[in-house]
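*Asks:* Next comes target_37.csv, CSV, C-alpha atoms:
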```csv
chain,number,residue,atom,x,y,z
X,7,MET,CA,-9.2,50.5,12.7
X,8,ILE,CA,-11.7,47.8,13.8
X,9,ASN,CA,-10.3,45.4,11.2
X,10,ILE,CA,-6.7,46.0,12.4
X,11,ILE,CA,-7.7,45.2,15.9
X,12,ARG,CA,-9.4,42.0,14.8
X,13,ILE,CA,-6.3,41.0,12.8
X,14,LYS,CA,-4.1,41.6,15.8
X,15,ARG,CA,-6.4,39.5,18.0
X,16,ASN,CA,-6.4,36.7,15.5
X,17,GLN,CA,-2.6,36.8,15.3
X,18,ARG,CA,-2.3,36.6,19.1
X,19,LYS,CA,-4.6,33.5,19.0
X,20,ILE,CA,-2.5,31.9,16.3
X,21,PHE,CA,0.7,32.5,18.2
X,22,ARG,CA,-0.8,31.3,21.4
X,23,HIS,CA,-1.9,28.1,19.6
X,24,ILE,CA,1.5,27.6,18.1
X,25,LYS,CA,3.1,28.0,21.6
X,26,ILE,CA,0.6,25.4,23.1
X,27,ILE,CA,1.4,22.9,20.3
X,28,ARG,CA,5.2,23.4,20.8
X,29,LYS,CA,4.8,23.1,24.6
X,30,ASP,CA,2.9,19.8,24.2
X,31,LEU,CA,5.4,18.4,21.7
X,32,LYS,CA,8.3,19.2,24.0
X,33,LYS,CA,6.5,17.8,27.0
X,34,SER,CA,5.8,14.6,25.0
X,35,LEU,CA,9.4,14.2,24.0
X,36,VAL,CA,10.7,14.7,27.5
X,37,GLU,CA,8.2,12.3,29.0
X,38,THR,CA,9.0,9.6,26.3
X,39,LEU,CA,12.7,10.0,27.1
X,40,LEU,CA,12.1,9.6,30.8
X,41,TYR,CA,10.0,6.4,30.2
X,42,LEU,CA,12.8,5.1,28.0
X,43,ILE,CA,15.5,5.8,30.7
X,44,LEU,CA,13.3,4.1,33.3
X,45,ILE,CA,12.8,1.0,31.1
X,46,ILE,CA,16.6,0.8,30.4
X,47,VAL,CA,17.4,1.1,34.1
X,48,ALA,CA,14.8,-1.5,35.1
X,49,HIS,CA,16.0,-4.0,32.5
X,50,THR,CA,19.6,-3.5,33.4
X,51,LEU,CA,18.9,-4.2,37.0
X,52,ALA,CA,16.9,-7.3,36.0
X,53,MET,CA,19.8,-8.6,34.0
X,54,TRP,CA,22.2,-7.9,36.8
X,55,GLN,CA,19.9,-9.7,39.3
X,56,PHE,CA,18.6,-12.7,37.3
X,57,GLU,CA,21.4,-13.4,34.8
X,58,ASN,CA,24.3,-12.9,37.2
X,59,LEU,CA,26.0,-10.5,34.7
X,60,SER,CA,28.3,-7.6,35.6
X,61,PHE,CA,26.7,-4.2,35.7
X,62,ALA,CA,28.6,-3.2,32.6
X,63,ASN,CA,27.5,-6.3,30.7
X,64,SER,CA,23.9,-5.8,31.9
X,65,VAL,CA,24.0,-2.3,30.4
X,66,TRP,CA,25.5,-3.6,27.2
X,67,LEU,CA,22.9,-6.3,26.8
X,68,THR,CA,20.0,-3.9,27.5
X,69,LEU,CA,21.3,-1.3,24.9
X,70,THR,CA,22.0,-3.8,22.2
X,71,THR,CA,18.5,-5.3,22.6
X,72,VAL,CA,16.5,-2.1,22.9
X,73,THR,CA,18.2,-0.8,19.7
X,74,THR,CA,17.5,-4.1,17.9
X,75,VAL,CA,21.2,-4.5,17.2
X,76,GLY,CA,21.5,-7.9,19.0
X,77,TYR,CA,25.2,-8.9,18.8
X,78,GLY,CA,24.4,-12.2,20.6
X,79,ASP,CA,27.5,-12.1,22.8
X,80,PHE,CA,25.2,-12.0,25.8
X,81,SER,CA,21.5,-13.1,26.1
X,82,ALA,CA,18.9,-13.8,28.8
X,83,THR,CA,18.8,-17.5,29.7
X,84,THR,CA,16.8,-17.7,32.9
X,85,PHE,CA,13.0,-17.5,32.9
X,86,MET,CA,12.8,-14.3,34.9
X,87,GLY,CA,15.5,-12.8,32.7
X,88,ARG,CA,13.6,-13.6,29.5
X,89,LEU,CA,10.3,-12.4,31.0
X,90,SER,CA,11.9,-9.1,32.0
X,91,THR,CA,13.3,-8.7,28.4
X,92,VAL,CA,9.8,-9.4,26.9
X,93,LEU,CA,8.0,-7.0,29.3
X,94,PHE,CA,10.5,-4.2,29.5
X,95,LEU,CA,12.1,-4.2,26.0
X,96,TYR,CA,10.0,-6.2,23.5
X,97,ILE,CA,6.7,-4.8,24.7
X,98,GLY,CA,7.7,-1.5,26.2
X,99,GLY,CA,11.2,-0.5,25.2
X,100,ILE,CA,11.2,-0.8,21.5
X,101,PHE,CA,7.8,1.0,21.3
X,102,VAL,CA,9.0,3.8,23.5
X,103,LEU,CA,12.3,4.1,21.6
X,104,GLY,CA,10.4,4.4,18.3
X,105,LYS,CA,8.1,7.0,19.8
X,106,ALA,CA,11.0,8.9,21.2
X,107,ALA,CA,12.7,8.9,17.8
X,108,GLY,CA,9.4,10.1,16.2
X,109,ASP,CA,8.9,12.8,18.7
X,110,TYR,CA,12.5,14.0,18.2
X,111,PHE,CA,12.2,14.2,14.5
X,112,GLU,CA,8.8,15.9,14.8
X,113,TYR,CA,10.4,18.4,17.3
X,114,ARG,CA,13.2,19.2,14.9
X,115,ASN,CA,10.8,19.6,12.0
X,116,ASP,CA,8.7,21.9,14.2
X,117,ASN,CA,11.7,24.0,15.0
X,118,ARG,CA,12.6,24.2,11.3
X,119,GLU,CA,9.1,25.3,10.4
X,120,ARG,CA,9.1,27.9,13.2
X,121,LYS,CA,12.4,29.3,11.9
X,122,LEU,CA,11.1,29.3,8.3
X,123,ARG,CA,7.8,31.1,9.3
X,124,GLY,CA,9.4,33.6,11.6
X,125,ASN,CA,8.2,32.2,14.9
X,126,TRP,CA,11.7,31.6,16.3
X,127,SER,CA,13.5,34.0,18.6
X,128,TRP,CA,17.3,34.1,17.8
X,129,GLU,CA,19.9,35.1,20.3
X,130,MET,CA,21.6,38.0,18.6
X,131,SER,CA,23.5,41.2,19.4
X,132,ASN,CA,25.1,44.1,17.6
X,133,HIS,CA,22.9,43.3,14.6
X,134,ILE,CA,20.6,45.3,12.4
X,135,VAL,CA,16.8,45.3,13.0
X,136,ILE,CA,14.3,46.6,10.4
X,137,LEU,CA,10.8,47.3,11.7
X,138,ASN,CA,7.7,47.2,9.5
X,139,LYS,CA,7.4,46.7,5.8
X,140,PRO,CA,6.8,49.2,2.9
X,141,ASN,CA,3.3,49.0,1.4
X,142,MET,CA,4.5,48.6,-2.1
X,143,HIS,CA,7.2,46.2,-3.4
X,144,GLY,CA,8.4,45.5,0.1
X,145,SER,CA,10.5,42.5,-0.7
X,146,GLN,CA,12.4,44.3,-3.5
X,147,TYR,CA,13.0,47.3,-1.1
X,148,PHE,CA,14.3,45.0,1.7
X,149,TYR,CA,16.6,43.3,-0.8
X,150,ARG,CA,18.1,46.6,-2.0
X,151,LEU,CA,18.4,48.0,1.5
X,152,ILE,CA,20.1,44.9,3.0
X,153,ASP,CA,22.3,44.7,-0.1
X,154,GLN,CA,23.4,48.3,0.5
X,155,PHE,CA,24.2,47.6,4.2
X,156,HIS,CA,26.3,44.5,3.2
X,157,GLN,CA,28.1,46.4,0.5
X,158,SER,CA,29.3,49.0,3.0
X,159,GLU,CA,32.6,48.1,4.7
X,160,LYS,CA,31.2,49.1,8.1
X,161,PHE,CA,28.2,46.7,8.0
X,162,HIS,CA,29.4,44.0,5.7
X,163,PHE,CA,29.1,41.2,8.2
X,164,HIS,CA,26.2,42.4,10.3
X,165,PRO,CA,23.2,40.0,10.4
X,166,VAL,CA,19.8,41.5,9.7
X,167,GLN,CA,16.4,40.8,11.4
X,168,ILE,CA,13.1,41.9,9.9
X,169,LEU,CA,10.1,42.4,12.2
X,170,THR,CA,6.8,42.3,10.3
X,171,THR,CA,3.6,40.4,10.0
X,172,ALA,CA,3.8,40.5,6.2
X,173,TYR,CA,5.5,37.1,5.8
X,174,PRO,CA,3.4,34.5,7.8
X,175,ASN,CA,4.6,31.7,5.5
X,176,GLY,CA,8.3,32.7,5.5
X,177,LEU,CA,10.5,35.2,3.7
X,178,PRO,CA,10.4,35.4,-0.2
X,179,ARG,CA,13.1,33.3,-1.8
X,180,GLU,CA,15.3,36.3,-2.8
X,181,LEU,CA,15.5,37.3,0.9
X,182,ARG,CA,15.6,33.8,2.3
X,183,GLU,CA,18.7,33.0,0.1
X,184,ASN,CA,20.5,36.1,1.3
X,185,ASP,CA,23.0,35.1,4.0
X,186,GLY,CA,22.5,36.6,7.4
X,187,VAL,CA,18.8,37.7,6.8
X,188,LEU,CA,16.2,36.5,9.3
X,189,HIS,CA,12.7,37.6,10.2
X,190,TYR,CA,10.2,37.4,13.0
X,191,ASN,CA,6.5,37.3,12.5
X,192,GLY,CA,5.3,40.0,14.9
X,193,SER,CA,4.5,43.6,15.4
X,194,ALA,CA,6.8,46.5,16.2
X,195,SER,CA,4.1,47.8,18.5
X,196,GLU,CA,4.5,44.8,20.8
X,197,ILE,CA,7.3,45.0,23.4
X,198,GLU,CA,7.6,41.2,23.4
X,199,ASP,CA,8.1,41.1,19.7
X,200,LEU,CA,10.8,43.8,19.9
X,201,LYS,CA,12.6,41.8,22.5
X,202,ALA,CA,12.2,38.7,20.3
X,203,VAL,CA,14.3,40.3,17.5
X,204,GLY,CA,16.8,41.6,20.0
X,205,ALA,CA,16.0,45.3,19.5
X,206,ASP,CA,17.4,46.0,22.9
X,207,GLN,CA,20.8,44.4,21.9
X,208,ALA,CA,20.9,45.7,18.3
X,209,GLU,CA,23.5,48.1,17.0
X,210,ILE,CA,21.1,49.7,14.5
X,211,VAL,CA,17.3,49.9,14.3
X,212,VAL,CA,15.6,51.1,11.1
X,213,LEU,CA,12.0,52.1,11.8
X,214,LEU,CA,10.1,52.4,8.6
X,215,ALA,CA,6.8,54.3,8.4
X,216,MET,CA,3.8,52.1,8.5
X,217,ASP,CA,2.4,54.0,5.5
X,218,GLU,CA,4.8,56.3,3.7
X,219,THR,CA,1.9,58.3,2.2
X,220,ASN,CA,-0.1,58.9,5.4
X,221,GLN,CA,1.1,61.4,8.0
X,222,GLU,CA,-0.8,59.5,10.7
X,223,SER,CA,2.0,56.9,10.4
X,224,ASP,CA,4.2,59.4,12.4
X,225,GLY,CA,2.0,58.7,15.4
X,226,GLN,CA,2.7,55.0,15.2
X,227,THR,CA,6.4,55.7,14.7
X,228,PHE,CA,6.3,57.9,17.8
X,229,ASP,CA,4.7,55.1,19.8
X,230,ILE,CA,7.2,52.5,18.6
X,231,LEU,CA,10.1,54.8,19.6
X,232,HIS,CA,8.7,54.9,23.2
X,233,ARG,CA,8.5,51.1,23.1
X,234,LEU,CA,12.1,50.9,22.2
X,235,LYS,CA,12.9,53.3,25.1
X,236,GLU,CA,10.9,51.0,27.4
X,237,ILE,CA,13.2,48.1,26.6
X,238,HIS,CA,16.2,50.3,27.1
X,239,SER,CA,17.5,49.9,23.5
X,240,LYS,CA,20.9,51.4,23.0
X,241,ALA,CA,20.8,51.2,19.2
X,242,LEU,CA,21.2,54.0,16.8
X,243,ILE,CA,17.6,54.4,15.6
X,244,LEU,CA,16.6,55.8,12.2
X,245,ALA,CA,13.0,56.8,12.0
X,246,GLU,CA,11.1,57.7,8.9
X,247,CYS,CA,8.9,60.9,9.1
X,248,VAL,CA,6.1,61.5,6.7
X,249,ASP,CA,5.2,65.1,7.9
X,250,ASP,CA,8.2,67.4,8.5
X,251,ARG,CA,6.3,69.1,11.3
X,252,ASN,CA,6.8,65.9,13.4
X,253,ARG,CA,10.5,65.6,12.9
X,254,GLN,CA,11.5,67.2,16.3
X,255,ARG,CA,8.9,65.1,18.1
X,256,LEU,CA,10.6,61.9,16.8
X,257,TYR,CA,14.0,63.2,17.7
X,258,ASP,CA,12.7,63.9,21.2
X,259,ALA,CA,11.2,60.4,21.4
X,260,GLY,CA,14.6,58.8,20.9
X,261,ALA,CA,15.4,58.7,17.2
X,262,SER,CA,19.0,59.3,16.3
X,263,VAL,CA,18.2,60.1,12.6
X,264,VAL,CA,15.0,61.2,11.1
X,265,ILE,CA,14.4,61.2,7.3
X,266,ARG,CA,11.6,61.2,4.8
X,267,PRO,CA,10.4,57.9,3.4
X,268,MET,CA,12.2,57.5,0.0
X,269,ARG,CA,11.5,54.1,-1.2
X,270,ALA,CA,13.4,54.5,-4.5
X,271,TYR,CA,16.6,55.3,-2.6
X,272,PRO,CA,17.3,52.8,0.3
X,273,GLU,CA,21.0,53.9,-0.1
X,274,MET,CA,20.0,57.0,1.8
X,275,ILE,CA,19.3,55.0,5.0
X,276,VAL,CA,22.7,53.3,4.8
X,277,ARG,CA,24.5,56.6,4.2
X,278,SER,CA,23.0,58.1,7.4
X,279,PHE,CA,24.8,55.4,9.4
X,280,VAL,CA,28.0,55.3,7.4
X,281,ALA,CA,28.4,59.1,7.2
X,282,PRO,CA,26.0,60.7,9.7
X,283,GLY,CA,24.6,64.0,8.5
X,284,SER,CA,25.0,63.1,4.8
X,285,GLU,CA,21.3,62.0,4.7
X,286,GLN,CA,20.4,65.7,5.2
X,287,ILE,CA,22.5,66.7,2.2
X,288,ILE,CA,21.0,63.9,0.1
X,289,GLU,CA,17.5,64.7,1.2
X,290,ASN,CA,18.1,68.3,0.2
X,291,MET,CA,18.5,67.2,-3.4
X,292,PHE,CA,14.9,66.1,-3.5
X,293,ASN,CA,13.2,69.3,-2.5
X,294,SER,CA,13.2,73.0,-3.6
X,295,LYS,CA,13.8,74.5,-0.2
X,296,ARG,CA,17.0,76.6,0.3
X,297,ASP,CA,19.2,74.9,-2.2
X,298,GLU,CA,18.4,74.0,-5.8
X,299,TYR,CA,20.3,72.3,-8.7
X,300,HIS,CA,20.7,74.5,-11.7
X,301,ARG,CA,22.0,73.9,-15.2
X,302,PHE,CA,23.8,76.8,-16.8
X,303,ASN,CA,24.5,76.4,-20.5
X,304,VAL,CA,27.9,78.0,-20.7
X,305,THR,CA,30.8,77.0,-23.0
X,306,ILE,CA,34.0,76.2,-21.3
X,307,ASN,CA,37.2,75.2,-23.1
X,308,ASN,CA,40.4,73.8,-21.7
X,309,LYS,CA,39.8,75.0,-18.1
X,310,ARG,CA,40.7,73.1,-15.0
X,311,TRP,CA,37.7,71.9,-12.9
X,312,SER,CA,39.2,73.3,-9.7
X,313,GLU,CA,39.3,76.8,-11.3
X,314,ILE,CA,35.6,76.5,-12.2
X,315,VAL,CA,34.6,75.4,-8.7
X,316,CYS,CA,36.6,78.2,-7.1
X,317,SER,CA,35.1,80.8,-9.5
X,318,CYS,CA,31.6,79.7,-8.8
X,319,ILE,CA,32.2,80.0,-5.0
X,320,ASN,CA,34.2,83.3,-5.2
X,321,HIS,CA,31.5,85.0,-7.3
X,322,GLY,CA,28.6,83.8,-5.2
X,323,ILE,CA,27.2,81.5,-7.9
X,324,GLY,CA,27.1,78.3,-5.8
X,325,THR,CA,28.9,75.0,-5.7
X,326,ALA,CA,29.7,73.3,-9.0
X,327,VAL,CA,29.1,69.6,-8.8
X,328,GLY,CA,29.3,68.4,-12.4
X,329,TYR,CA,29.4,69.3,-16.1
X,330,GLN,CA,28.2,68.1,-19.5
X,331,SER,CA,31.1,67.3,-21.9
X,332,SER,CA,30.9,69.1,-25.2
X,333,ASP,CA,32.8,66.2,-26.7
X,334,ASP,CA,30.6,63.2,-25.9
X,335,LYS,CA,27.6,64.9,-24.3
X,336,LYS,CA,28.0,62.8,-21.1
X,337,ILE,CA,27.4,64.1,-17.6
X,338,HIS,CA,30.4,64.0,-15.3
X,339,CYS,CA,29.9,64.3,-11.6
X,340,ASN,CA,32.5,65.4,-9.1
X,341,PRO,CA,35.5,65.2,-11.5
X,342,LYS,CA,39.1,65.5,-10.3
X,343,GLY,CA,40.2,69.0,-9.6
X,344,ASP,CA,43.1,68.9,-12.0
X,345,ARG,CA,41.1,67.7,-15.0
X,346,GLU,CA,41.0,70.1,-17.9
X,347,ILE,CA,37.4,70.0,-19.3
X,348,ASN,CA,35.5,71.1,-22.3
X,349,ALA,CA,31.9,71.6,-21.4
X,350,ASP,CA,28.8,73.2,-22.8
X,351,ALA,CA,26.9,73.1,-19.5
X,352,ILE,CA,27.7,73.0,-15.8
X,353,PHE,CA,25.5,71.9,-12.8
X,354,VAL,CA,25.6,74.1,-9.7
X,355,ILE,CA,23.9,74.0,-6.3
X,356,VAL,CA,22.6,77.5,-5.8
X,357,ARG,CA,20.8,79.2,-3.0
X,358,GLU,CA,17.1,79.6,-3.6
X,359,GLU,CA,17.2,83.3,-3.0
X,360,SER,CA,20.4,84.0,-5.0
X,361,GLY,CA,18.7,85.2,-8.2
X,362,ILE,CA,21.8,84.2,-10.3
X,363,ASP,CA,21.1,84.3,-14.0
X,364,LEU,CA,22.9,82.8,-17.0
X,365,ASP,CA,24.5,86.1,-18.2
X,366,TYR,CA,26.1,86.6,-14.8
X,367,VAL,CA,27.5,83.1,-14.9
X,368,LYS,CA,28.9,83.5,-18.4
X,369,ASP,CA,30.5,86.8,-17.4
X,370,LYS,CA,32.3,85.3,-14.4
X,371,LEU,CA,33.4,82.1,-16.0
```
Mind turning this structure into structure tokens?
*Replies:*
Amino acid sequence: MINIIRIKRNQRKIFRHIKIIRKDLKKSLVETLLYLILIIVAHTLAMWQFENLSFANSVWLTLTTVTTVGYGDFSATTFMGRLSTVLFLYIGGIFVLGKAAGDYFEYRNDNRERKLRGNWSWEMSNHIVILNKPNMHGSQYFYRLIDQFHQSEKFHFHPVQILTTAYPNGLPRELRENDGVLHYNGSASEIEDLKAVGADQAEIVVLLAMDETNQESDGQTFDILHRLKEIHSKALILAECVDDRNRQRLYDAGASVVIRPMRAYPEMIVRSFVAPGSEQIIENMFNSKRDEYHRFNVTINNKRWSEIVCSCINHGIGTAVGYQSSDDKKIHCNPKGDREINADAIFVIVREESGIDLDYVKDKL
């Protein structure tokens, strides 16, 4: 815990230092441009006064000289005019112009580096925000999760922002090359960082558990949900819950969907937004509570799949979801109802307490 506090303090110092450098760079650029404008105005007035040129020609002479173009159609001929040109432009103007160009390119390069390293706050709305990073294989998980979002018709064009401190040097290449994926180098526990990724303007917020193996992560998730409430986020929030006993607490804290961390199946997160409630059905597949998937080795010849499904339901066996073909031994899931099948096994969702045995299934089918 002490190490985490030290890391956060160091990160704040680094971010503060970056902000100071950026502020100084911006200040230097503005000051240089003001000096340049002042010099241009002063030389223009000098040409207008000493060379008896029109104001427009004075401006033209000043600009062609300070940019070192020098067309030669106008030039200073009087002593005071030439002295003004030497003092204002040769000594001051060209130097200031070079410095302004250098400051500008440095400022642009600084902005590029800040965007690359996740220190840039983008103006976004109706986007997807992902908070935290999985402990193991985080980049691969992000890639699959974002790919699942973009494969769905509903979220195909939604940009994605990732909020984590895991990529201080920028996103890995496979994520960086994915169009519409950005990241911010910050913590989901900080309100300012949540605002920086537009969590208050997002359509969806995916709140991953800090540690998918530690139930204490639920406390951190609970705290982040309250932070989101503080910034008045209107997003649909999915929160991962390690301990089932904390599910209702997370719902009460503002989560729209609560699921277990299932790092091998990021599709489950996307399904919960595309078809709300389906995540509970999918999640039910991975435990032995209430419903279980059974294989019954029964021989079925030339029978329509709809008849098999109806028989299973009518006789209290369960819901048939697939079969193993006796011809090619392949597993077929959710076949069409009018398909005539030849099977040597069927797969059925049965109630835990049903006590259905193979002989009963054979007798009814």
*Asks:* Using all atoms listed in the file, which residues sit within 12 Å of Asn184 (chain X) once same-chain residues fewer than 6 positions away are excluded, as a PyMOL selection string?
*Replies:* chain X and resi 148-150+152-153+156+165-167+177-178
*Asks:* With all atoms listed in the file as the basis for distance, which of X:Asn175, X:Ser195, X:Asn303, X:Thr83 is at the shortest distance from Leu364 (chain X)?
*Replies:*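 Under the stated criterion, the closest residue is X:Asn303.
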*Asks:* Which one of X:Gly322, X:Pro272, X:Gly144, X:Gly104 sits closest to Glu180 (chain X) if you count all atoms listed in the file?
*Replies:* X:Gly144
*Asks:* Name all residues at most 10 Å from Lys342 (chain X) (count all atoms listed in the file; drop same-chain ones fewer than 6 positions away) and give them as a PyMOL selection string.
*Replies:* chain X and resi 310-312
*Asks:* Find the residues with any atom within 8 Å of (10.0, 53.3, 12.6); use all atoms listed in the file and the coordinates as given in the file, and write the answer as a short mmCIF file (atom, residue, chain, number, x, y, z; two decimals) with C-alpha atoms, keeping the file's coordinate frame.
*Replies:*
```cif
data_model
loop_
_atom_site.label_atom_id
_atom_site.label_comp_id
_atom_site.auth_asym_id
_atom_site.auth_seq_id
_atom_site.Cartn_x
_atom_site.Cartn_y
_atom_site.Cartn_z
CA LEU X 137 10.80 47.30 11.70
CA ASN X 138 7.70 47.20 9.50
CA VAL X 212 15.60 51.10 11.10
CA LEU X 213 12.00 52.10 11.80
CA LEU X 214 10.10 52.40 8.60
CA ALA X 215 6.80 54.30 8.40
CA MET X 216 3.80 52.10 8.50
CA GLN X 226 2.70 55.00 15.20
CA THR X 227 6.40 55.70 14.70
CA PHE X 228 6.30 57.90 17.80
CA ILE X 230 7.20 52.50 18.60
CA LEU X 231 10.10 54.80 19.60
CA LEU X 244 16.60 55.80 12.20
CA ALA X 245 13.00 56.80 12.00
CA GLU X 246 11.10 57.70 8.90
#
```
*Asks:* Have a look at X:Ser193, X:Glu159, X:Lys32, X:Arg269 and name the one nearest to Arg114 (chain X); count all atoms listed in the file.
*Replies:*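 Comparing X:Ser193, X:Glu159, X:Lys32, X:Arg269 against Arg114 (chain X), the winner is X:Lys32.
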*Asks:* Between X:Ser158, X:Thr84, X:Thr70, X:Ser223, single out the one closest to Pro140 (chain X), counting all atoms listed in the file.
*Replies:*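 Looking only at the distances to Pro140 (chain X), the closest residue turns out to be X:Ser223.
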*Asks:* For the atom pair CA of Ser131 (chain X) and CA of Gly204 (chain X), what is the interatomic distance in Å to one decimal place?
*Replies:*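 Distance reported for this atom pair: 6.7 Å.
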*Asks:* Dump as a PyMOL selection string all residues having an atom at most 9 Å from (13.3, 41.8, 19.0), computed in the file's coordinates with only C-alpha atoms.
*Replies:* chain X and resi 127-128+135+167+169+190+194+197-208
*Asks:* If you keep C-alpha atoms, can you produce a file of those selected residues as an mmCIF file, in the frame of the given file?
*Replies:*
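Dumped to part-v7.cif:
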```cif
data_model
loop_
_atom_site.group_PDB
_atom_site.id
_atom_site.type_symbol
_atom_site.label_atom_id
_atom_site.label_comp_id
_atom_site.auth_asym_id
_atom_site.auth_seq_id
_atom_site.Cartn_x
_atom_site.Cartn_y
_atom_site.Cartn_z
ATOM 1 C CA SER X 127 13.500 34.000 18.600
ATOM 2 C CA TRP X 128 17.300 34.100 17.800
ATOM 3 C CA VAL X 135 16.800 45.300 13.000
ATOM 4 C CA GLN X 167 16.400 40.800 11.400
ATOM 5 C CA LEU X 169 10.100 42.400 12.200
ATOM 6 C CA TYR X 190 10.200 37.400 13.000
ATOM 7 C CA ALA X 194 6.800 46.500 16.200
ATOM 8 C CA ILE X 197 7.300 45.000 23.400
ATOM 9 C CA GLU X 198 7.600 41.200 23.400
ATOM 10 C CA ASP X 199 8.100 41.100 19.700
ATOM 11 C CA LEU X 200 10.800 43.800 19.900
ATOM 12 C CA LYS X 201 12.600 41.800 22.500
ATOM 13 C CA ALA X 202 12.200 38.700 20.300
ATOM 14 C CA VAL X 203 14.300 40.300 17.500
ATOM 15 C CA GLY X 204 16.800 41.600 20.000
ATOM 16 C CA ALA X 205 16.000 45.300 19.500
ATOM 17 C CA ASP X 206 17.400 46.000 22.900
ATOM 18 C CA GLN X 207 20.800 44.400 21.900
ATOM 19 C CA ALA X 208 20.900 45.700 18.300
#
```
*Asks:* Compare X:Glu57, X:Trp126, X:His49, X:Asp224 by their minimum atom-to-atom distance to Arg255 (chain X), counting all atoms listed in the file, and give me the closest one.
*Replies:* X:Asp224
*Asks:* When distances are computed from all atoms listed in the file, which of X:Tyr41, X:Lys335, X:Ala52, X:Ser317 shows the smallest separation from Asp369 (chain X)?
*Replies:* X:Ser317
*Asks:* For Ile319 (chain X), find every residue with an atom within 12 Å (counting only C-alpha atoms), except residues of its own chain fewer than 5 positions away, and show them as a ChimeraX atom specification.
*Replies:* /X:312-314,324-327,354-357,367,370-371
*Asks:* Could you tell me how far CA of Lys240 (chain X) lies from CA of His133 (chain X), in Å and to one decimal?
*Replies:* 11.8 Å
*Asks:* Just give me the gap between CA of Gln286 (chain X) and CA of Ser262 (chain X) in Å, one decimal is fine.
*Replies:*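 Between these atoms lies a distance of 12.9 Å.
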*Asks:* Identify, on the basis of all atoms listed in the file, every residue whose closest approach to Glu37 (chain X) does not exceed 12 Å; exclude the query and any residue fewer than 4 positions from it along the same chain; express the result as JSON, numbers by chain.
*Replies:* {"X": [30, 31, 32, 33, 41, 42, 43, 44, 102, 103, 105, 106, 109, 110]}
